[in-house]
Amino acid sequence: MKKLSFITVFLFFIQLCFAQTAKSSLFIQHLKGKVKKIESSSYSGNANGTVDTLASASKVISLFDEKGNEVEENYIDKDDKKVSKWIWKYNEKNENIEEDYFADTGVLAATTFFKYDEKGNLAESDHDFIADKTNSNKTLYKYDDKDNNVEEDAYGSDGSLKYKNIYKYDSKRNKIEMDYWHAKEDTMRVKWAFNYNDANVRVQEARYTSRGELQIENTFTYETFDKLGNWLLETRKSEGRNKEFANHLNYSVTKRKIYYYD
């Protein structure tokens with residue numbers, strides 16, 4: 001069940017990334033140049049530590065084709081054991097049409113199929129969990145007149161609405177707000193607000209209750225860049241801001257090695 005939850009969370013992240021007109025993975029991730037591979041190593045610890053003293057947490061190896069599409073991602077744990085792998089497939093329009101998730105055994109565990117409308121906007125994603133079809137689900141996407149994804153409706157295998165996310169954007173089309181609605185209760189559970197730097201890279205995330213009370217604040221800083229301007233060192237600090245999350249404090253660092261096509 002824990003592994004299935006991890007897959008579900010990742011698929012939710014994929015929805016956030018691909019719910020838009022088809023663009024290359026490099027564009028979506030704000031990467032410059034013809035990136036071939038990225039090796040990301042994460043470290044965790046307390047906020048008083050440095051990257052040299054933090055404990056190794058995980059490594060992610062991402063592969064891109066020459067069109068700028070991410071085609072494979074491997075997740076490796078702190079013991080250098082490959083835990084999972086994702087593979088993405090694209091059509092002749094450069095649209096991501098399929099995502100395959102493989103467990104640590106190498107067996108296909110889940111597949112997601114993506115469908116697009118006549119404008120090239122993602123219209124539907126169908127998530128099929130191989131081992132337990134009851135966890136399979138479908139997400140439908142809605143857009144405004146600027147082609148910003150403003151709503152996602154997620155349906156369970158029985159066809160009932162499970163939850164929906166509603167988004168708002170700034171003038172640069174950065175996603176600045178997300179409201180999570182629980183369908184059964186028809187109430188907003190959580191609100192997230194996002195801030196960006198001048199390069200349109202997210203530097204702050206804030207989580208609020210439905211009453212508007214700040215619960216958690218995540219801040220991101222970028223300290224080292226390569227010659228093309230891609231960041232090589234990111235620090236993330238997550239702090240609790242109310243009584244419920246008073247003991248919440250996480251600190252992590254991500255170091256990247258970026259390799260380019262000739």
# chains A, B, ... in the order shown; residues from 1 in each chain; ligands from 1
$ residues_around --residues "Arg189 of chain A" --least-positions-apart "5" --cutoff "6 Å" --atoms "only C-alpha atoms" --output "list in words"
Tyr180, Trp181 and Ser210 of chain A
$ residues_around --residues "Lys168 of chain A" --least-positions-apart "2" --cutoff "10 Å" --atoms "only C-alpha atoms" --output "PDB file with N, CA and C atoms, in the first residue's frame"
ATOM      1  N   ASN A 148      -4.764  28.293 -19.973  1.00  0.00           N
ATOM      2  CA  ASN A 148      -4.251  27.905 -18.659  1.00  0.00           C
ATOM      3  C   ASN A 148      -5.147  26.819 -18.078  1.00  0.00           C
ATOM      4  N   ASN A 149      -4.543  25.767 -17.557  1.00  0.00           N
ATOM      5  CA  ASN A 149      -5.298  24.700 -16.908  1.00  0.00           C
ATOM      6  C   ASN A 149      -5.864  25.225 -15.584  1.00  0.00           C
ATOM      7  N   VAL A 150      -7.174  25.411 -15.509  1.00  0.00           N
ATOM      8  CA  VAL A 150      -7.788  26.034 -14.335  1.00  0.00           C
ATOM      9  C   VAL A 150      -8.514  25.035 -13.439  1.00  0.00           C
ATOM     10  N   GLU A 151      -8.730  23.822 -13.926  1.00  0.00           N
ATOM     11  CA  GLU A 151      -9.404  22.829 -13.086  1.00  0.00           C
ATOM     12  C   GLU A 151      -9.050  21.416 -13.531  1.00  0.00           C
ATOM     13  N   ILE A 166      -8.409  23.380  -8.302  1.00  0.00           N
ATOM     14  CA  ILE A 166      -8.699  24.613  -9.038  1.00  0.00           C
ATOM     15  C   ILE A 166      -7.474  25.520  -8.961  1.00  0.00           C
ATOM     16  N   ASP A 170      -0.624  33.952 -12.730  1.00  0.00           N
ATOM     17  CA  ASP A 170      -0.260  35.356 -12.864  1.00  0.00           C
ATOM     18  C   ASP A 170      -0.166  35.718 -14.347  1.00  0.00           C
ATOM     19  N   ARG A 173       1.741  33.459 -16.660  1.00  0.00           N
ATOM     20  CA  ARG A 173       1.202  32.106 -16.738  1.00  0.00           C
ATOM     21  C   ARG A 173       1.853  31.154 -15.738  1.00  0.00           C
ATOM     22  N   ASN A 174       2.419  31.727 -14.675  1.00  0.00           N
ATOM     23  CA  ASN A 174       2.898  30.900 -13.574  1.00  0.00           C
ATOM     24  C   ASN A 174       1.709  30.523 -12.684  1.00  0.00           C
ATOM     25  N   LYS A 175       1.677  29.280 -12.255  1.00  0.00           N
ATOM     26  CA  LYS A 175       0.607  28.824 -11.358  1.00  0.00           C
ATOM     27  C   LYS A 175       0.864  29.398  -9.974  1.00  0.00           C
ATOM     28  N   ILE A 176      -0.048  30.232  -9.475  1.00  0.00           N
ATOM     29  CA  ILE A 176       0.183  30.925  -8.207  1.00  0.00           C
ATOM     30  C   ILE A 176      -0.730  30.438  -7.084  1.00  0.00           C
ATOM     31  N   GLU A 177      -1.736  29.641  -7.421  1.00  0.00           N
ATOM     32  CA  GLU A 177      -2.647  29.163  -6.385  1.00  0.00           C
ATOM     33  C   GLU A 177      -3.270  27.836  -6.792  1.00  0.00           C
ATOM     34  N   MET A 178      -3.405  26.936  -5.816  1.00  0.00           N
ATOM     35  CA  MET A 178      -4.098  25.670  -6.035  1.00  0.00           C
ATOM     36  C   MET A 178      -5.033  25.399  -4.865  1.00  0.00           C
ATOM     37  N   ASP A 179      -6.302  25.164  -5.163  1.00  0.00           N
ATOM     38  CA  ASP A 179      -7.295  24.802  -4.154  1.00  0.00           C
ATOM     39  C   ASP A 179      -7.662  23.335  -4.342  1.00  0.00           C
ATOM     40  N   ALA A 193      -0.298  28.329  -2.171  1.00  0.00           N
ATOM     41  CA  ALA A 193       0.061  29.559  -2.890  1.00  0.00           C
ATOM     42  C   ALA A 193       1.535  29.464  -3.277  1.00  0.00           C
TER      43      ALA A 193
END
$ closest_atom_pairs --of "segment 189-241 of chain A" --to "segment 24-40 of chain A" --cutoff "10 Å" --atoms "only C-alpha atoms" --output "JSON lines"
{"residue": "A:Ala199", "atom": "CA", "partner": "A:His30", "partner_atom": "CA", "distance": 8.3}
{"residue": "A:Asn200", "atom": "CA", "partner": "A:His30", "partner_atom": "CA", "distance": 8.0}
{"residue": "A:Val201", "atom": "CA", "partner": "A:His30", "partner_atom": "CA", "distance": 7.2}
{"residue": "A:Lys227", "atom": "CA", "partner": "A:Lys32", "partner_atom": "CA", "distance": 10.0}
{"residue": "A:Leu228", "atom": "CA", "partner": "A:Lys32", "partner_atom": "CA", "distance": 6.3}
{"residue": "A:Gly229", "atom": "CA", "partner": "A:Lys32", "partner_atom": "CA", "distance": 7.0}
{"residue": "A:Asn230", "atom": "CA", "partner": "A:Leu31", "partner_atom": "CA", "distance": 6.1}
{"residue": "A:Trp231", "atom": "CA", "partner": "A:Leu31", "partner_atom": "CA", "distance": 8.7}
{"residue": "A:Leu232", "atom": "CA", "partner": "A:Ser40", "partner_atom": "CA", "distance": 8.8}
{"residue": "A:Leu233", "atom": "CA", "partner": "A:Ser40", "partner_atom": "CA", "distance": 9.5}
$ atom_distance --atom1 "atom CA of Thr139 of chain A" --atom2 "atom CA of Asp158 of chain A"
13.1 Å
$ closest_residue --among "A:Asp80, A:Glu72, A:Asp132, A:Glu98" --to "Lys59 of chain A" --atoms "only C-alpha atoms"
A:Asp80
$ closest_residue --among "A:Glu217, A:Ser42, A:Ser238, A:Tyr90" --to "Asn195 of chain A" --atoms "only C-alpha atoms"
A:Glu217
$ residues_around --residues "Asp104 of chain A" --least-positions-apart "2" --cutoff "9 Å" --atoms "only C-alpha atoms" --output "list in words"
Lys81, Lys82, Val83, Ser84, Lys85, Phe102, Gly106 and Val107 of chain A
$ closest_residue --among "A:Phe114, A:Asn197, A:Tyr143, A:Ala109" --to "Lys172 of chain A" --atoms "only C-alpha atoms"
A:Asn197
$ atom_distance --atom1 "atom CA of Tyr116 of chain A" --atom2 "atom CA of Asp100 of chain A"
18.1 Å
$ residues_around --residues "Thr111 of chain A" --least-positions-apart "3" --cutoff "7 Å" --atoms "only C-alpha atoms" --output "JSON, numbers by chain"
{"A": [99, 100, 101, 127, 128, 129]}
$ write_last_selection --atoms "C-alpha atoms" --output "PDB file, in the first residue's frame"
ATOM      1  CA  GLU A  99       3.876   7.020 -19.011  1.00  0.00           C
ATOM      2  CA  ASP A 100       4.972   3.611 -17.696  1.00  0.00           C
ATOM      3  CA  TYR A 101       5.984   3.062 -14.085  1.00  0.00           C
ATOM      4  CA  HIS A 127      -4.176   5.914 -14.777  1.00  0.00           C
ATOM      5  CA  ASP A 128      -4.160   2.129 -14.801  1.00  0.00           C
ATOM      6  CA  PHE A 129      -2.684   0.342 -11.768  1.00  0.00           C
TER       7      PHE A 129
END
$ closest_residue --among "A:Lys78, A:Arg256, A:Lys133, A:Lys89" --to "Phe64 of chain A" --atoms "only C-alpha atoms"
A:Lys89
$ select_by_dssp --residues "segment 94-175 of chain A" --states "strand (DSSP E)" --output "JSON, numbers by chain"
{"A": [96, 97, 98, 99, 100, 101, 102, 108, 109, 110, 111, 112, 113, 114, 115, 116, 122, 123, 124, 125, 126, 127, 128, 129, 137, 138, 139, 140, 141, 142, 143, 149, 150, 151, 152, 153, 154, 155, 161, 162, 163, 164, 165, 166, 167, 168, 169, 175]}
$ atom_distance --atom1 "atom CA of Ile87 of chain A" --atom2 "atom CA of Leu108 of chain A"
10.4 Å
